[in-house]
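Peer 1: My structure is in my_file_22.cif, and what it holds is mmCIF, C-alpha atoms:
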```cif
data_target
#
loop_
_atom_site.group_PDB
_atom_site.id
_atom_site.type_symbol
_atom_site.label_atom_id
_atom_site.label_comp_id
_atom_site.auth_asym_id
_atom_site.auth_seq_id
_atom_site.Cartn_x
_atom_site.Cartn_y
_atom_site.Cartn_z
ATOM 1 C CA MET A 141 -27.049 -3.784 16.728
ATOM 2 C CA ALA A 142 -25.360 -5.205 13.633
ATOM 3 C CA ILE A 143 -21.701 -6.141 13.994
ATOM 4 C CA ALA A 144 -19.383 -4.920 11.235
ATOM 5 C CA ASP A 145 -18.028 -7.684 9.011
ATOM 6 C CA PHE A 146 -14.230 -7.626 8.923
ATOM 7 C CA SER A 147 -13.937 -11.037 7.255
ATOM 8 C CA LEU A 148 -12.067 -11.357 3.956
ATOM 9 C CA LYS A 149 -13.178 -14.925 3.315
ATOM 10 C CA ASN A 150 -13.497 -15.774 -0.406
ATOM 11 C CA LYS A 151 -11.852 -12.490 -1.403
ATOM 12 C CA VAL A 152 -8.784 -12.267 -3.647
ATOM 13 C CA ALA A 153 -6.356 -9.539 -2.614
ATOM 14 C CA ILE A 154 -3.242 -8.281 -4.399
ATOM 15 C CA VAL A 155 -0.584 -6.685 -2.195
ATOM 16 C CA THR A 156 2.446 -5.047 -3.786
ATOM 17 C CA GLY A 157 5.745 -4.737 -1.972
ATOM 18 C CA ALA A 158 4.682 -7.832 -0.046
ATOM 19 C CA SER A 159 8.083 -9.417 0.570
ATOM 20 C CA ARG A 160 8.779 -7.333 3.682
ATOM 21 C CA GLY A 161 7.698 -4.422 5.852
ATOM 22 C CA ILE A 162 4.197 -2.986 5.708
ATOM 23 C CA GLY A 163 3.252 -5.003 2.614
ATOM 24 C CA GLU A 164 4.207 -8.299 4.214
ATOM 25 C CA ALA A 165 2.351 -7.434 7.420
ATOM 26 C CA ILE A 166 -0.813 -6.519 5.507
ATOM 27 C CA ALA A 167 -0.602 -9.677 3.384
ATOM 28 C CA ARG A 168 -0.322 -11.822 6.513
ATOM 29 C CA GLY A 169 -3.254 -10.009 8.115
ATOM 30 C CA PHE A 170 -5.411 -10.487 5.031
ATOM 31 C CA ALA A 171 -4.575 -14.212 4.927
ATOM 32 C CA GLU A 172 -5.536 -14.559 8.580
ATOM 33 C CA GLN A 173 -8.892 -12.966 7.740
ATOM 34 C CA GLY A 174 -9.494 -15.581 5.039
ATOM 35 C CA ALA A 175 -8.341 -13.896 1.823
ATOM 36 C CA THR A 176 -6.354 -15.523 -0.935
ATOM 37 C CA VAL A 177 -3.415 -13.140 -1.125
ATOM 38 C CA VAL A 178 -1.423 -12.478 -4.286
ATOM 39 C CA LEU A 179 2.014 -11.434 -3.091
ATOM 40 C CA SER A 180 3.877 -9.120 -5.427
ATOM 41 C CA SER A 181 7.298 -7.474 -5.458
ATOM 42 C CA ARG A 182 10.285 -7.371 -7.783
ATOM 43 C CA LYS A 183 12.063 -10.499 -6.487
ATOM 44 C CA GLN A 184 10.360 -13.878 -6.612
ATOM 45 C CA GLU A 185 12.658 -15.407 -4.000
ATOM 46 C CA GLY A 186 11.513 -13.100 -1.218
ATOM 47 C CA LEU A 187 7.867 -13.667 -2.129
ATOM 48 C CA GLU A 188 8.293 -17.451 -2.039
ATOM 49 C CA ALA A 189 9.529 -17.285 1.548
ATOM 50 C CA VAL A 190 6.548 -15.191 2.685
ATOM 51 C CA ALA A 191 4.101 -17.413 0.780
ATOM 52 C CA GLU A 192 5.519 -20.556 2.374
ATOM 53 C CA SER A 193 5.197 -18.997 5.818
ATOM 54 C CA ILE A 194 1.580 -17.919 5.210
ATOM 55 C CA THR A 195 0.691 -21.352 3.865
ATOM 56 C CA ALA A 196 2.325 -23.046 6.869
ATOM 57 C CA ASP A 197 0.058 -20.966 9.098
ATOM 58 C CA GLY A 198 -3.022 -22.167 7.206
ATOM 59 C CA GLY A 199 -3.443 -19.236 4.830
ATOM 60 C CA LYS A 200 -3.565 -18.987 1.051
ATOM 61 C CA ALA A 201 -0.873 -17.084 -0.829
ATOM 62 C CA VAL A 202 0.220 -16.883 -4.466
ATOM 63 C CA PRO A 203 3.650 -15.282 -5.090
ATOM 64 C CA ILE A 204 3.989 -13.434 -8.420
ATOM 65 C CA SER A 205 6.972 -11.160 -9.033
ATOM 66 C CA CYS A 206 6.190 -7.828 -10.686
ATOM 67 C CA HIS A 207 8.055 -4.552 -11.149
ATOM 68 C CA THR A 208 5.237 -2.055 -10.638
ATOM 69 C CA GLY A 209 7.187 0.615 -12.480
ATOM 70 C CA LYS A 210 6.861 -1.372 -15.722
ATOM 71 C CA SER A 211 3.538 -1.447 -17.580
ATOM 72 C CA GLU A 212 4.206 -4.781 -19.284
ATOM 73 C CA ALA A 213 4.963 -6.433 -15.932
ATOM 74 C CA ILE A 214 1.720 -5.076 -14.463
ATOM 75 C CA ALA A 215 -0.301 -6.362 -17.422
ATOM 76 C CA ALA A 216 1.271 -9.803 -17.034
ATOM 77 C CA LEU A 217 0.457 -9.852 -13.325
ATOM 78 C CA PHE A 218 -3.225 -9.174 -13.911
ATOM 79 C CA GLU A 219 -3.402 -11.676 -16.749
ATOM 80 C CA ARG A 220 -2.182 -14.367 -14.357
ATOM 81 C CA VAL A 221 -4.548 -13.281 -11.593
ATOM 82 C CA LYS A 222 -7.513 -13.340 -13.980
ATOM 83 C CA SER A 223 -6.655 -16.723 -15.488
ATOM 84 C CA GLU A 224 -5.692 -18.452 -12.223
ATOM 85 C CA LEU A 225 -7.994 -16.822 -9.669
ATOM 86 C CA GLY A 226 -10.753 -15.302 -11.792
ATOM 87 C CA ARG A 227 -11.208 -12.047 -9.898
ATOM 88 C CA VAL A 228 -9.640 -9.385 -7.697
ATOM 89 C CA ASP A 229 -11.558 -7.958 -4.762
ATOM 90 C CA VAL A 230 -8.831 -5.923 -3.083
ATOM 91 C CA LEU A 231 -5.729 -4.129 -4.339
ATOM 92 C CA VAL A 232 -3.153 -2.708 -1.946
ATOM 93 C CA ASN A 233 -0.708 -0.394 -3.701
ATOM 94 C CA ASN A 234 2.222 -0.452 -1.312
ATOM 95 C CA ALA A 235 5.443 -0.847 -3.343
ATOM 96 C CA ALA A 236 7.352 2.435 -3.270
ATOM 97 C CA THR A 237 10.833 3.842 -3.601
ATOM 98 C CA ASN A 238 12.839 6.789 -2.338
ATOM 99 C CA PRO A 239 16.250 6.688 -4.032
ATOM 100 C CA TYR A 240 17.295 10.191 -3.001
ATOM 101 C CA PHE A 241 17.693 11.823 0.401
ATOM 102 C CA GLY A 242 18.679 15.483 0.328
ATOM 103 C CA PRO A 243 17.634 18.951 -0.873
ATOM 104 C CA ALA A 244 15.096 18.855 -3.691
ATOM 105 C CA ILE A 245 17.106 21.355 -5.733
ATOM 106 C CA ASP A 246 19.923 18.808 -6.002
ATOM 107 C CA ILE A 247 17.997 15.694 -7.046
ATOM 108 C CA ALA A 248 19.167 14.147 -10.324
ATOM 109 C CA GLU A 249 16.620 13.745 -13.077
ATOM 110 C CA GLY A 250 17.043 9.963 -13.046
ATOM 111 C CA ALA A 251 16.199 9.738 -9.336
ATOM 112 C CA PHE A 252 13.235 12.079 -9.853
ATOM 113 C CA ASP A 253 11.899 9.924 -12.692
ATOM 114 C CA LYS A 254 12.404 6.693 -10.733
ATOM 115 C CA THR A 255 10.491 8.011 -7.737
ATOM 116 C CA PHE A 256 7.524 9.049 -9.876
ATOM 117 C CA GLU A 257 7.674 5.875 -11.983
ATOM 118 C CA VAL A 258 7.140 3.584 -9.004
ATOM 119 C CA ASN A 259 5.239 5.767 -6.524
ATOM 120 C CA VAL A 260 2.792 7.436 -8.918
ATOM 121 C CA LYS A 261 2.753 5.737 -12.319
ATOM 122 C CA GLY A 262 2.920 2.285 -10.736
ATOM 123 C CA TYR A 263 -0.017 2.990 -8.416
ATOM 124 C CA PHE A 264 -1.990 4.478 -11.294
ATOM 125 C CA LEU A 265 -1.459 1.576 -13.697
ATOM 126 C CA MET A 266 -2.134 -1.034 -11.010
ATOM 127 C CA THR A 267 -5.363 0.770 -10.138
ATOM 128 C CA GLN A 268 -6.440 0.928 -13.790
ATOM 129 C CA HIS A 269 -6.076 -2.826 -14.229
ATOM 130 C CA ALA A 270 -7.702 -3.708 -10.913
ATOM 131 C CA ALA A 271 -10.559 -1.241 -11.360
ATOM 132 C CA ARG A 272 -11.487 -2.647 -14.769
ATOM 133 C CA MET A 273 -11.850 -6.116 -13.250
ATOM 134 C CA MET A 274 -13.699 -4.769 -10.209
ATOM 135 C CA VAL A 275 -16.187 -2.785 -12.307
ATOM 136 C CA GLU A 276 -16.852 -5.915 -14.360
ATOM 137 C CA GLN A 277 -17.464 -8.086 -11.305
ATOM 138 C CA GLY A 278 -19.578 -5.512 -9.434
ATOM 139 C CA GLY A 279 -17.254 -3.973 -6.867
ATOM 140 C CA GLY A 280 -13.993 -3.976 -4.986
ATOM 141 C CA SER A 281 -11.652 -2.050 -2.730
ATOM 142 C CA ILE A 282 -8.440 -0.229 -3.669
ATOM 143 C CA ILE A 283 -6.114 0.797 -0.853
ATOM 144 C CA ASN A 284 -3.193 3.116 -1.498
ATOM 145 C CA ILE A 285 -0.379 3.275 1.015
ATOM 146 C CA ALA A 286 0.422 6.978 1.016
ATOM 147 C CA SER A 287 2.427 8.690 3.768
ATOM 148 C CA ILE A 288 2.216 11.627 6.109
ATOM 149 C CA ALA A 289 4.975 12.967 3.835
ATOM 150 C CA GLY A 290 2.173 13.531 1.321
ATOM 151 C CA ILE A 291 0.415 15.784 3.831
ATOM 152 C CA SER A 292 3.489 17.686 4.964
ATOM 153 C CA PRO A 293 6.681 16.893 2.998
ATOM 154 C CA PRO A 294 9.599 16.475 5.437
ATOM 155 C CA PRO A 295 13.053 17.990 4.983
ATOM 156 C CA MET A 296 15.375 16.039 2.688
ATOM 157 C CA GLN A 297 12.480 13.940 1.344
ATOM 158 C CA GLY A 298 10.662 16.575 -0.664
ATOM 159 C CA VAL A 299 10.236 14.712 -3.943
ATOM 160 C CA TYR A 300 9.091 11.571 -2.135
ATOM 161 C CA GLY A 301 6.543 13.754 -0.350
ATOM 162 C CA VAL A 302 5.338 15.185 -3.656
ATOM 163 C CA THR A 303 4.733 11.658 -5.002
ATOM 164 C CA LYS A 304 2.753 10.746 -1.900
ATOM 165 C CA ALA A 305 0.682 13.913 -2.225
ATOM 166 C CA ALA A 306 -0.077 12.732 -5.758
ATOM 167 C CA VAL A 307 -1.140 9.356 -4.344
ATOM 168 C CA ILE A 308 -3.596 11.088 -2.011
ATOM 169 C CA ALA A 309 -5.030 13.140 -4.895
ATOM 170 C CA MET A 310 -5.196 10.001 -7.034
ATOM 171 C CA THR A 311 -7.089 8.213 -4.264
ATOM 172 C CA LYS A 312 -9.745 10.914 -4.118
ATOM 173 C CA MET A 313 -9.999 11.115 -7.911
ATOM 174 C CA PHE A 314 -10.586 7.375 -8.323
ATOM 175 C CA ALA A 315 -13.024 7.389 -5.403
ATOM 176 C CA LYS A 316 -15.158 9.920 -7.277
ATOM 177 C CA GLU A 317 -14.872 8.190 -10.646
ATOM 178 C CA LEU A 318 -15.484 4.642 -9.431
ATOM 179 C CA GLY A 319 -17.952 5.125 -6.569
ATOM 180 C CA GLY A 320 -20.965 4.546 -8.804
ATOM 181 C CA ALA A 321 -19.564 1.144 -9.785
ATOM 182 C CA ASN A 322 -19.229 0.106 -6.116
ATOM 183 C CA VAL A 323 -15.434 0.314 -6.305
ATOM 184 C CA ARG A 324 -14.029 2.091 -3.257
ATOM 185 C CA CYS A 325 -10.639 3.792 -3.147
ATOM 186 C CA ASN A 326 -9.020 4.873 0.105
ATOM 187 C CA ALA A 327 -5.558 5.605 1.444
ATOM 188 C CA ILE A 328 -3.548 4.898 4.561
ATOM 189 C CA ALA A 329 -0.943 7.495 5.493
ATOM 190 C CA PRO A 330 1.603 5.928 7.852
ATOM 191 C CA GLY A 331 3.967 7.933 9.968
ATOM 192 C CA LEU A 332 7.417 6.583 10.774
ATOM 193 C CA VAL A 333 7.318 2.776 10.650
ATOM 194 C CA GLU A 334 10.217 0.471 11.492
ATOM 195 C CA THR A 335 11.079 -0.935 8.090
ATOM 196 C CA LYS A 336 14.209 -1.185 5.961
ATOM 197 C CA PHE A 337 12.734 1.676 3.929
ATOM 198 C CA ALA A 338 12.732 4.001 6.960
ATOM 199 C CA SER A 339 15.890 2.719 8.660
ATOM 200 C CA LEU A 340 17.888 5.894 7.930
ATOM 201 C CA LEU A 341 15.426 8.052 9.871
ATOM 202 C CA ILE A 342 15.269 5.691 12.829
ATOM 203 C CA GLU A 343 19.019 5.086 13.010
ATOM 204 C CA THR A 344 20.051 8.745 12.753
ATOM 205 C CA PRO A 345 19.842 10.085 16.355
ATOM 206 C CA GLU A 346 19.189 13.739 15.476
ATOM 207 C CA MET A 347 16.402 12.896 13.026
ATOM 208 C CA TYR A 348 14.783 10.359 15.321
ATOM 209 C CA LYS A 349 14.895 12.739 18.286
ATOM 210 C CA PHE A 350 13.090 15.395 16.216
ATOM 211 C CA PHE A 351 10.468 12.868 15.114
ATOM 212 C CA LYS A 352 9.797 11.624 18.655
ATOM 213 C CA GLU A 353 9.426 15.161 19.967
ATOM 214 C CA GLN A 354 6.809 15.911 17.280
ATOM 215 C CA THR A 355 4.830 12.701 17.895
ATOM 216 C CA PRO A 356 2.324 12.714 20.783
ATOM 217 C CA MET A 357 2.749 8.952 21.287
ATOM 218 C CA GLY A 358 6.505 9.458 21.489
ATOM 219 C CA ARG A 359 7.534 6.486 19.366
ATOM 220 C CA HIS A 360 7.571 5.036 15.875
ATOM 221 C CA ALA A 361 5.290 2.211 14.671
ATOM 222 C CA GLN A 362 5.760 -1.435 13.810
ATOM 223 C CA PRO A 363 4.483 -2.693 10.420
ATOM 224 C CA ASN A 364 1.679 -4.718 12.020
ATOM 225 C CA GLU A 365 0.179 -1.491 13.385
ATOM 226 C CA MET A 366 -0.911 -0.619 9.842
ATOM 227 C CA VAL A 367 -2.815 -3.892 9.382
ATOM 228 C CA GLY A 368 -6.014 -3.002 11.232
ATOM 229 C CA ALA A 369 -6.724 -0.010 9.005
ATOM 230 C CA ALA A 370 -6.029 -2.112 5.909
ATOM 231 C CA ILE A 371 -8.394 -4.888 7.005
ATOM 232 C CA TYR A 372 -11.114 -2.325 7.695
ATOM 233 C CA LEU A 373 -10.741 -0.769 4.236
ATOM 234 C CA ALA A 374 -10.547 -4.152 2.488
ATOM 235 C CA SER A 375 -13.575 -5.615 4.220
ATOM 236 C CA ASP A 376 -17.304 -4.975 4.020
ATOM 237 C CA ALA A 377 -16.997 -3.111 7.332
ATOM 238 C CA SER A 378 -15.997 -0.064 5.256
ATOM 239 C CA SER A 379 -18.789 -0.429 2.684
ATOM 240 C CA TYR A 380 -19.623 3.302 2.868
ATOM 241 C CA THR A 381 -16.046 4.569 3.099
ATOM 242 C CA THR A 382 -14.367 5.926 -0.015
ATOM 243 C CA GLY A 383 -11.992 8.794 -0.690
ATOM 244 C CA ALA A 384 -10.742 8.649 2.894
ATOM 245 C CA VAL A 385 -7.149 9.084 4.075
ATOM 246 C CA ILE A 386 -6.548 7.331 7.387
ATOM 247 C CA THR A 387 -3.468 8.632 9.159
ATOM 248 C CA CYS A 388 -1.644 6.036 11.284
ATOM 249 C CA ASP A 389 1.082 8.276 12.667
ATOM 250 C CA GLY A 390 0.909 8.339 16.451
ATOM 251 C CA GLY A 391 -0.586 11.824 16.283
ATOM 252 C CA TYR A 392 2.289 13.386 14.306
ATOM 253 C CA THR A 393 -0.005 15.337 11.968
ATOM 254 C CA THR A 394 -2.439 16.345 14.715
#
```
Go ahead and render the structure in this file as structure tokens.
Peer 2:
Amino acid sequence: MAIADFSLKNKVAIVTGASRGIGEAIARGFAEQGATVVLSSRKQEGLEAVAESITADGGKAVPISCHTGKSEAIAALFERVKSELGRVDVLVNNAATNPYFGPAIDIAEGAFDKTFEVNVKGYFLMTQHAARMMVEQGGGSIINIASIAGISPPPMQGVYGVTKAAVIAMTKMFAKELGGANVRCNAIAPGLVETKFASLLIETPEMYKFFKEQTPMGRHAQPNEMVGAAIYLASDASSYTTGAVITCDGGYTT
């Protein structure tokens, strides 16, 4: 029986939000599997530290700062990737924001716009640029980090949930449009993961108690528990998988 190929050797992968949390964990996992990883986030300093660590462990990493809410910054990122690395085989859209926590009826327009700018527009523009290169070169894999909030928006995070629902719809749309060009588009929907992003939920006893009671595994996840799904979707092991949403949530949405 053939063994699935999970290697990422000779592949170039872009990971956004790669200076910490889930993005950093995925970038490290990709490097361990042989990929050259383009690390992206808003602050170059944080990326440099992760790149140095990956390189020290024998991997290949290129840190390039980019605000994924800004179209000109995204264009500049892909120009550098094309000129310096020549191709992009994998894109992980992971950078996200959630500037407001509270009832949706009270969110300010600025916070609403910011959430959609990064979580939806940013993913869309990054995918456009990557897909054009992938179509040209004959294939590729796009991985969107969604959230179980996009499946069932939680209290006090309604607008964030709406953006993640849009990410799931976007994933399926691009999967249909790009499948004929051998460009796959899938999503990972994490549950509660121990990151700075989710610290409020973990550190608030009442909220965390509710979460644990609703989760069959009875705990939250660590960032490295999202890496296996990402490697599968990035590699040739998932060559016939597109339009999928893999929930990594300890059974929360079961």
Peer 1: If the PyMOL selection byres ((chain A and resi 178) around 12) were run on this exact file, what residues would it hold? Put them as a VMD selection string.
Peer 2: chain A and resid 151 to 159 163 to 164 166 to 168 170 to 171 175 to 177 179 to 181 187 to 188 190 to 191 194 199 to 206 217 to 218 220 to 222 224 to 225 227 to 232
Peer 1: Using only C-alpha atoms, determine which residues lie at most 10 Å from A:Lys312, disregarding the query and same-chain residues fewer than 3 positions distant; provide the list as a ChimeraX atom specification.
Peer 2: /A:306-309,315-317,324-327,382-385
Peer 1: Residues of stretch 169-267 of chain A that approach stretch 294-301 of chain A to 6 Å or less, counting all atoms listed in the file: could you list each one with the shortest pair of atoms and its distance in Å to one decimal, rows by chain and increasing residue number, as a Markdown table?
Peer 2:
```
| residue | atom | partner | partner_atom | distance |
| --- | --- | --- | --- | --- |
| A:Phe241 | CA | A:Met296 | CA | 5.3 |
| A:Gly242 | CA | A:Met296 | CA | 4.1 |
| A:Pro243 | CA | A:Met296 | CA | 5.1 |
| A:Ala244 | CA | A:Gly298 | CA | 5.8 |
```
Peer 1: Up to 8 Å from (-2.8, 10.3, 20.6) in the file's coordinates: name the residues, counting all atoms listed in the file, as a PDB file with C-alpha atoms, in the coordinates of the input.
Peer 2:
```
ATOM      1  CA  PRO A 356       2.324  12.714  20.783  1.00  0.00           C
ATOM      2  CA  MET A 357       2.749   8.952  21.287  1.00  0.00           C
ATOM      3  CA  GLY A 390       0.909   8.339  16.451  1.00  0.00           C
ATOM      4  CA  GLY A 391      -0.586  11.824  16.283  1.00  0.00           C
TER       5      GLY A 391
END
```
Peer 1: What box, with edges along x, y and z, holds each listed atom of stretch 197-206 of chain A when 4 Å is added on every side, and can you state its centre and edge lengths in Å to one decimal, as JSON?
Peer 2:
```
{"center_x": 1.7, "center_y": -15.0, "center_z": -0.8, "size_x": 18.5, "size_y": 22.3, "size_z": 27.8}
```
Peer 1: For the file shown, what are the residues hit by the PyMOL selection byres ((chain A and resi 334-338) around 8), laid out as a PDB file with C-alpha atoms, keeping the file's coordinate frame?
Peer 2:
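What follows is the written file part.pdb:
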```pdb
ATOM      1  CA  GLY A 161       7.698  -4.422   5.852  1.00  0.00           C
ATOM      2  CA  ILE A 162       4.197  -2.986   5.708  1.00  0.00           C
ATOM      3  CA  LEU A 332       7.417   6.583  10.774  1.00  0.00           C
ATOM      4  CA  VAL A 333       7.318   2.776  10.650  1.00  0.00           C
ATOM      5  CA  SER A 339      15.890   2.719   8.660  1.00  0.00           C
ATOM      6  CA  LEU A 340      17.888   5.894   7.930  1.00  0.00           C
ATOM      7  CA  LEU A 341      15.426   8.052   9.871  1.00  0.00           C
ATOM      8  CA  ILE A 342      15.269   5.691  12.829  1.00  0.00           C
ATOM      9  CA  HIS A 360       7.571   5.036  15.875  1.00  0.00           C
ATOM     10  CA  ALA A 361       5.290   2.211  14.671  1.00  0.00           C
ATOM     11  CA  GLN A 362       5.760  -1.435  13.810  1.00  0.00           C
ATOM     12  CA  PRO A 363       4.483  -2.693  10.420  1.00  0.00           C
TER      13      PRO A 363
END
```
Peer 1: Rounded to one decimal, what separation in Å do you get between atom CA of A:Asp197 and atom CA of A:Ile283?
Peer 2: 24.7 Å
Peer 1: Using only C-alpha atoms for the distances, tell me which of A:Lys352, A:Met266, A:Pro293, A:Gly186 is nearest to A:Ala213.
Peer 2: A:Met266
Peer 1: So which residues get picked by the PyMOL selection byres ((chain A and resi 367) around 8) here, written as a JSON list (two decimals) with C-alpha atoms, in the frame of the given file?
Peer 2:
```
[["chain", "number", "residue", "atom", "x", "y", "z"],
["A", 162, "ILE", "CA", 4.20, -2.99, 5.71],
["A", 165, "ALA", "CA", 2.35, -7.43, 7.42],
["A", 166, "ILE", "CA", -0.81, -6.52, 5.51],
["A", 169, "GLY", "CA", -3.25, -10.01, 8.12],
["A", 363, "PRO", "CA", 4.48, -2.69, 10.42],
["A", 364, "ASN", "CA", 1.68, -4.72, 12.02],
["A", 365, "GLU", "CA", 0.18, -1.49, 13.38],
["A", 366, "MET", "CA", -0.91, -0.62, 9.84],
["A", 368, "GLY", "CA", -6.01, -3.00, 11.23],
["A", 369, "ALA", "CA", -6.72, -0.01, 9.01],
["A", 370, "ALA", "CA", -6.03, -2.11, 5.91],
["A", 371, "ILE", "CA", -8.39, -4.89, 7.00]]
```
Peer 1: From the set A:Glu249, A:Val258, A:Ala196, A:Glu219, which residue has the shortest atom-to-atom contact distance to A:Arg182, counting only C-alpha atoms?
Peer 2: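 Closest candidate: A:Val258.
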Peer 1: Measure the distance from atom CA of A:Phe256 to atom CA of A:Ala289 in Å and round it to one decimal.
Peer 2: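 These atoms are spaced 14.5 Å apart.
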Peer 1: Atom CA of A:Ala216 to atom CA of A:Asn284: how many Å, to one decimal?
Peer 2: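 One can read the atom CA of A:Ala216 to atom CA of A:Asn284 distance as 20.7 Å.
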